[in-house]
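Engineer: Dropping in upload_25.pdb, with PDB, N, CA and C atoms, pLDDT in the B column.
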ATOM      1  N   MET O   1     155.366 -12.420  -1.185  1.00 57.00           N
ATOM      2  CA  MET O   1     156.301 -12.828  -0.148  1.00 57.00           C
ATOM      3  C   MET O   1     155.556 -12.924   1.171  1.00 57.00           C
ATOM      4  N   GLY O   2     155.793 -14.001   1.937  1.00 65.00           N
ATOM      5  CA  GLY O   2     155.145 -14.194   3.224  1.00 65.00           C
ATOM      6  C   GLY O   2     155.837 -13.400   4.320  1.00 65.00           C
ATOM      7  N   SER O   3     155.219 -13.377   5.487  1.00 87.00           N
ATOM      8  CA  SER O   3     155.812 -12.699   6.634  1.00 87.00           C
ATOM      9  C   SER O   3     156.163 -13.731   7.697  1.00 87.00           C
ATOM     10  N   GLY O   4     156.863 -13.308   8.728  1.00 91.00           N
ATOM     11  CA  GLY O   4     157.276 -14.216   9.783  1.00 91.00           C
ATOM     12  C   GLY O   4     156.347 -14.142  10.981  1.00 91.00           C
ATOM     13  N   LEU O   5     156.393 -15.172  11.820  1.00 92.00           N
ATOM     14  CA  LEU O   5     155.596 -15.173  13.043  1.00 92.00           C
ATOM     15  C   LEU O   5     156.269 -16.025  14.085  1.00 92.00           C
ATOM     16  N   GLY O   6     155.888 -15.802  15.317  1.00 91.00           N
ATOM     17  CA  GLY O   6     156.310 -16.634  16.435  1.00 91.00           C
ATOM     18  C   GLY O   6     155.062 -17.055  17.187  1.00 91.00           C
ATOM     19  N   ALA O   7     155.080 -18.219  17.806  1.00 90.00           N
ATOM     20  CA  ALA O   7     153.910 -18.730  18.511  1.00 90.00           C
ATOM     21  C   ALA O   7     154.269 -19.093  19.940  1.00 90.00           C
ATOM     22  N   ARG O   8     153.394 -18.736  20.860  1.00 92.00           N
ATOM     23  CA  ARG O   8     153.535 -19.186  22.240  1.00 92.00           C
ATOM     24  C   ARG O   8     152.537 -20.311  22.441  1.00 92.00           C
ATOM     25  N   VAL O   9     153.035 -21.465  22.806  1.00 92.00           N
ATOM     26  CA  VAL O   9     152.182 -22.628  23.035  1.00 92.00           C
ATOM     27  C   VAL O   9     152.252 -22.956  24.521  1.00 92.00           C
ATOM     28  N   VAL O  10     151.090 -22.830  25.198  1.00 94.00           N
ATOM     29  CA  VAL O  10     151.017 -23.085  26.636  1.00 94.00           C
ATOM     30  C   VAL O  10     149.947 -24.138  26.875  1.00 94.00           C
ATOM     31  N   ASP O  11     150.289 -25.165  27.646  1.00 93.00           N
ATOM     32  CA  ASP O  11     149.354 -26.241  27.971  1.00 93.00           C
ATOM     33  C   ASP O  11     149.544 -26.618  29.429  1.00 93.00           C
ATOM     34  N   ALA O  12     148.493 -26.477  30.214  1.00 97.00           N
ATOM     35  CA  ALA O  12     148.539 -26.834  31.638  1.00 97.00           C
ATOM     36  C   ALA O  12     149.728 -26.178  32.345  1.00 97.00           C
ATOM     37  N   GLY O  13     149.984 -24.923  32.017  1.00 95.00           N
ATOM     38  CA  GLY O  13     151.076 -24.189  32.645  1.00 95.00           C
ATOM     39  C   GLY O  13     152.453 -24.482  32.090  1.00 95.00           C
ATOM     40  N   ARG O  14     152.538 -25.362  31.089  1.00 95.00           N
ATOM     41  CA  ARG O  14     153.827 -25.678  30.466  1.00 95.00           C
ATOM     42  C   ARG O  14     153.957 -24.908  29.158  1.00 95.00           C
ATOM     43  N   VAL O  15     155.163 -24.442  28.849  1.00 95.00           N
ATOM     44  CA  VAL O  15     155.427 -23.660  27.643  1.00 95.00           C
ATOM     45  C   VAL O  15     156.311 -24.476  26.710  1.00 95.00           C
ATOM     46  N   LEU O  16     155.921 -24.543  25.431  1.00 93.00           N
ATOM     47  CA  LEU O  16     156.725 -25.247  24.432  1.00 93.00           C
ATOM     48  C   LEU O  16     157.869 -24.351  23.981  1.00 93.00           C
ATOM     49  N   LEU O  17     159.103 -24.830  24.167  1.00 94.00           N
ATOM     50  CA  LEU O  17     160.288 -24.119  23.704  1.00 94.00           C
ATOM     51  C   LEU O  17     161.080 -25.038  22.777  1.00 94.00           C
ATOM     52  N   ILE O  18     161.742 -24.430  21.815  1.00 92.00           N
ATOM     53  CA  ILE O  18     162.533 -25.135  20.814  1.00 92.00           C
ATOM     54  C   ILE O  18     163.996 -24.741  20.996  1.00 92.00           C
ATOM     55  N   ARG O  19     164.897 -25.715  20.918  1.00 92.00           N
ATOM     56  CA  ARG O  19     166.336 -25.394  20.953  1.00 92.00           C
ATOM     57  C   ARG O  19     166.810 -25.134  19.534  1.00 92.00           C
ATOM     58  N   ARG O  20     167.414 -23.969  19.319  1.00 89.00           N
ATOM     59  CA  ARG O  20     167.906 -23.583  17.993  1.00 89.00           C
ATOM     60  C   ARG O  20     169.413 -23.387  18.024  1.00 89.00           C
ATOM     61  N   ALA O  21     170.056 -23.821  16.951  1.00 90.00           N
ATOM     62  CA  ALA O  21     171.486 -23.560  16.789  1.00 90.00           C
ATOM     63  C   ALA O  21     171.640 -22.146  16.230  1.00 90.00           C
ATOM     64  N   VAL O  22     172.403 -21.292  16.929  1.00 88.00           N
ATOM     65  CA  VAL O  22     172.615 -19.926  16.469  1.00 88.00           C
ATOM     66  C   VAL O  22     174.040 -19.712  15.970  1.00 88.00           C
ATOM     67  N   ALA O  23     174.926 -20.553  16.384  1.00 87.00           N
ATOM     68  CA  ALA O  23     176.329 -20.501  15.936  1.00 87.00           C
ATOM     69  C   ALA O  23     176.904 -21.892  16.182  1.00 87.00           C
ATOM     70  N   ALA O  24     178.043 -22.125  15.633  1.00 87.00           N
ATOM     71  CA  ALA O  24     178.679 -23.440  15.801  1.00 87.00           C
ATOM     72  C   ALA O  24     178.806 -23.765  17.287  1.00 87.00           C
ATOM     73  N   GLY O  25     178.122 -24.827  17.717  1.00 86.00           N
ATOM     74  CA  GLY O  25     178.209 -25.266  19.098  1.00 86.00           C
ATOM     75  C   GLY O  25     177.406 -24.449  20.096  1.00 86.00           C
ATOM     76  N   SER O  26     176.585 -23.512  19.622  1.00 93.00           N
ATOM     77  CA  SER O  26     175.813 -22.656  20.517  1.00 93.00           C
ATOM     78  C   SER O  26     174.320 -22.834  20.269  1.00 93.00           C
ATOM     79  N   LEU O  27     173.570 -23.141  21.339  1.00 94.00           N
ATOM     80  CA  LEU O  27     172.128 -23.341  21.239  1.00 94.00           C
ATOM     81  C   LEU O  27     171.400 -22.329  22.109  1.00 94.00           C
ATOM     82  N   VAL O  28     170.206 -21.930  21.674  1.00 95.00           N
ATOM     83  CA  VAL O  28     169.349 -21.049  22.463  1.00 95.00           C
ATOM     84  C   VAL O  28     167.941 -21.638  22.484  1.00 95.00           C
ATOM     85  N   TRP O  29     167.168 -21.282  23.491  1.00 95.00           N
ATOM     86  CA  TRP O  29     165.769 -21.676  23.582  1.00 95.00           C
ATOM     87  C   TRP O  29     164.918 -20.573  22.975  1.00 95.00           C
ATOM     88  N   SER O  30     163.890 -20.951  22.218  1.00 94.00           N
ATOM     89  CA  SER O  30     162.978 -19.955  21.641  1.00 94.00           C
ATOM     90  C   SER O  30     161.605 -20.579  21.416  1.00 94.00           C
ATOM     91  N   CYS O  31     160.645 -19.726  21.161  1.00 93.00           N
ATOM     92  CA  CYS O  31     159.301 -20.179  20.803  1.00 93.00           C
ATOM     93  C   CYS O  31     159.325 -20.666  19.359  1.00 93.00           C
ATOM     94  N   PRO O  32     158.410 -21.561  18.989  1.00 92.00           N
ATOM     95  CA  PRO O  32     158.325 -21.974  17.590  1.00 92.00           C
ATOM     96  C   PRO O  32     158.078 -20.755  16.708  1.00 92.00           C
ATOM     97  N   SER O  33     158.724 -20.704  15.562  1.00 92.00           N
ATOM     98  CA  SER O  33     158.545 -19.565  14.657  1.00 92.00           C
ATOM     99  C   SER O  33     158.831 -19.991  13.230  1.00 92.00           C
ATOM    100  N   GLY O  34     158.428 -19.149  12.308  1.00 92.00           N
ATOM    101  CA  GLY O  34     158.656 -19.446  10.904  1.00 92.00           C
ATOM    102  C   GLY O  34     157.961 -18.443  10.015  1.00 92.00           C
ATOM    103  N   LYS O  35     157.732 -18.835   8.787  1.00 93.00           N
ATOM    104  CA  LYS O  35     157.122 -17.938   7.805  1.00 93.00           C
ATOM    105  C   LYS O  35     155.675 -18.303   7.541  1.00 93.00           C
ATOM    106  N   VAL O  36     154.872 -17.267   7.296  1.00 94.00           N
ATOM    107  CA  VAL O  36     153.495 -17.450   6.866  1.00 94.00           C
ATOM    108  C   VAL O  36     153.529 -17.577   5.346  1.00 94.00           C
ATOM    109  N   GLU O  37     153.017 -18.701   4.839  1.00 91.00           N
ATOM    110  CA  GLU O  37     153.000 -18.923   3.396  1.00 91.00           C
ATOM    111  C   GLU O  37     151.931 -18.046   2.750  1.00 91.00           C
ATOM    112  N   VAL O  38     152.106 -17.721   1.494  1.00 91.00           N
ATOM    113  CA  VAL O  38     151.135 -16.919   0.757  1.00 91.00           C
ATOM    114  C   VAL O  38     149.791 -17.638   0.785  1.00 91.00           C
ATOM    115  N   GLY O  39     148.730 -16.916   1.156  1.00 92.00           N
ATOM    116  CA  GLY O  39     147.390 -17.472   1.215  1.00 92.00           C
ATOM    117  C   GLY O  39     147.070 -18.192   2.519  1.00 92.00           C
ATOM    118  N   GLU O  40     148.042 -18.282   3.426  1.00 92.00           N
ATOM    119  CA  GLU O  40     147.853 -18.982   4.696  1.00 92.00           C
ATOM    120  C   GLU O  40     147.485 -17.974   5.785  1.00 92.00           C
ATOM    121  N   GLU O  41     146.541 -18.336   6.637  1.00 93.00           N
ATOM    122  CA  GLU O  41     146.186 -17.499   7.785  1.00 93.00           C
ATOM    123  C   GLU O  41     147.275 -17.618   8.849  1.00 93.00           C
ATOM    124  N   GLN O  42     147.439 -16.565   9.649  1.00 92.00           N
ATOM    125  CA  GLN O  42     148.478 -16.577  10.679  1.00 92.00           C
ATOM    126  C   GLN O  42     148.276 -17.711  11.683  1.00 92.00           C
ATOM    127  N   VAL O  43     147.035 -17.977  12.071  1.00 93.00           N
ATOM    128  CA  VAL O  43     146.769 -19.051  13.026  1.00 93.00           C
ATOM    129  C   VAL O  43     147.162 -20.401  12.425  1.00 93.00           C
ATOM    130  N   GLU O  44     146.842 -20.603  11.155  1.00 94.00           N
ATOM    131  CA  GLU O  44     147.230 -21.857  10.482  1.00 94.00           C
ATOM    132  C   GLU O  44     148.743 -22.010  10.472  1.00 94.00           C
ATOM    133  N   ALA O  45     149.445 -20.922  10.176  1.00 94.00           N
ATOM    134  CA  ALA O  45     150.907 -20.968  10.132  1.00 94.00           C
ATOM    135  C   ALA O  45     151.486 -21.252  11.514  1.00 94.00           C
ATOM    136  N   ALA O  46     150.917 -20.652  12.554  1.00 93.00           N
ATOM    137  CA  ALA O  46     151.403 -20.875  13.906  1.00 93.00           C
ATOM    138  C   ALA O  46     151.248 -22.335  14.313  1.00 93.00           C
ATOM    139  N   VAL O  47     150.092 -22.924  14.016  1.00 93.00           N
ATOM    140  CA  VAL O  47     149.862 -24.337  14.334  1.00 93.00           C
ATOM    141  C   VAL O  47     150.828 -25.217  13.542  1.00 93.00           C
ATOM    142  N   ARG O  48     150.973 -24.946  12.248  1.00 93.00           N
ATOM    143  CA  ARG O  48     151.868 -25.741  11.394  1.00 93.00           C
ATOM    144  C   ARG O  48     153.297 -25.679  11.910  1.00 93.00           C
ATOM    145  N   GLU O  49     153.783 -24.482  12.212  1.00 92.00           N
ATOM    146  CA  GLU O  49     155.158 -24.329  12.669  1.00 92.00           C
ATOM    147  C   GLU O  49     155.369 -25.034  14.016  1.00 92.00           C
ATOM    148  N   ALA O  50     154.414 -24.905  14.935  1.00 92.00           N
ATOM    149  CA  ALA O  50     154.552 -25.568  16.234  1.00 92.00           C
ATOM    150  C   ALA O  50     154.607 -27.085  16.058  1.00 92.00           C
ATOM    151  N   LEU O  51     153.753 -27.631  15.203  1.00 92.00           N
ATOM    152  CA  LEU O  51     153.768 -29.074  14.967  1.00 92.00           C
ATOM    153  C   LEU O  51     155.055 -29.521  14.293  1.00 92.00           C
ATOM    154  N   GLU O  52     155.516 -28.764  13.294  1.00 90.00           N
ATOM    155  CA  GLU O  52     156.757 -29.125  12.595  1.00 90.00           C
ATOM    156  C   GLU O  52     157.960 -29.112  13.533  1.00 90.00           C
ATOM    157  N   GLU O  53     158.039 -28.075  14.344  1.00 88.00           N
ATOM    158  CA  GLU O  53     159.230 -27.918  15.172  1.00 88.00           C
ATOM    159  C   GLU O  53     159.205 -28.785  16.419  1.00 88.00           C
ATOM    160  N   ALA O  54     158.031 -29.243  16.835  1.00 85.00           N
ATOM    161  CA  ALA O  54     157.944 -30.097  18.013  1.00 85.00           C
ATOM    162  C   ALA O  54     158.073 -31.577  17.654  1.00 85.00           C
ATOM    163  N   ALA O  55     158.050 -31.885  16.376  1.00 80.00           N
ATOM    164  CA  ALA O  55     158.115 -33.291  15.939  1.00 80.00           C
ATOM    165  C   ALA O  55     159.498 -33.859  16.126  1.00 80.00           C
TER
END
So, in terms of structure tokens, how does the structure I just supplied come out?
Structural biologist:
Amino acid sequence: MGSGLGARVVDAGRVLLIRRAVAAGSLVWSCPSGKVEVGEEQVEAAVREALEEAA
């Protein structure tokens, strides 16, 4: 079983935030996050999750 992670992405003083639905009609801002797949390094997972969620 993999574990979870969150990533802070900062570029030129700007921070990447993702809008997530937490309840019907309710959104919150958060850092990209997700699960580390079995055999995956944490850095690889952080990059993958940031790219997936920013697309």
Engineer: So which residues get picked by the PyMOL selection byres ((chain O and resi 2-18) around 6) here, written as an MDAnalysis selection string?
Structural biologist: chainID O and resid 1 19:20 28:38 46
Engineer: What is the CA of Val22 (chain O) to CA of Val47 (chain O) distance in Å?
Structural biologist: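 Between CA of Val22 (chain O) and CA of Val47 (chain O) the gap is 23.3 Å.
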Engineer: Run DSSP on the backbone and grab whatever in chain O lands in helix (DSSP H, G or I); send it over as a ChimeraX atom specification.
Structural biologist: /O:42-54
Engineer: Write out as a list in words all residues of chain O that DSSP puts in strand (DSSP E or B) for this structure's backbone.
Structural biologist: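 Residues of chain O classed as strand (DSSP E or B): Gly4, Leu5, Gly6, Val10, Asp11, Arg14, Val15, Ile18, Arg19, Arg20, Ala21, Val22, Ala23, Ser26, Leu27, Val28, Trp29, Ser30, Ser33, Gly34 and Lys35 of chain O.
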Engineer: CA of Ala21 (chain O) to CA of Glu44 (chain O): how many Å, to one decimal?
Structural biologist: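 CA of Ala21 (chain O) sits 25.1 Å away from CA of Glu44 (chain O).
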Engineer: Box along x, y and z, 4 Å on every side, all listed atoms of region 4-11 of chain O inside: centre and edge lengths in Å to one decimal, as lines of an AutoDock Vina configuration file.
Structural biologist:
center_x = 153.3
center_y = -20.0
center_z = 19.1
size_x = 15.9
size_y = 21.3
size_z = 28.7
Engineer: Please report the interatomic distance between atom C of Arg48 (chain O) and atom C of Ser26 (chain O) in Å with one decimal.
Structural biologist: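 Pair atom C of Arg48 (chain O) / atom C of Ser26 (chain O) returns 22.8 Å.
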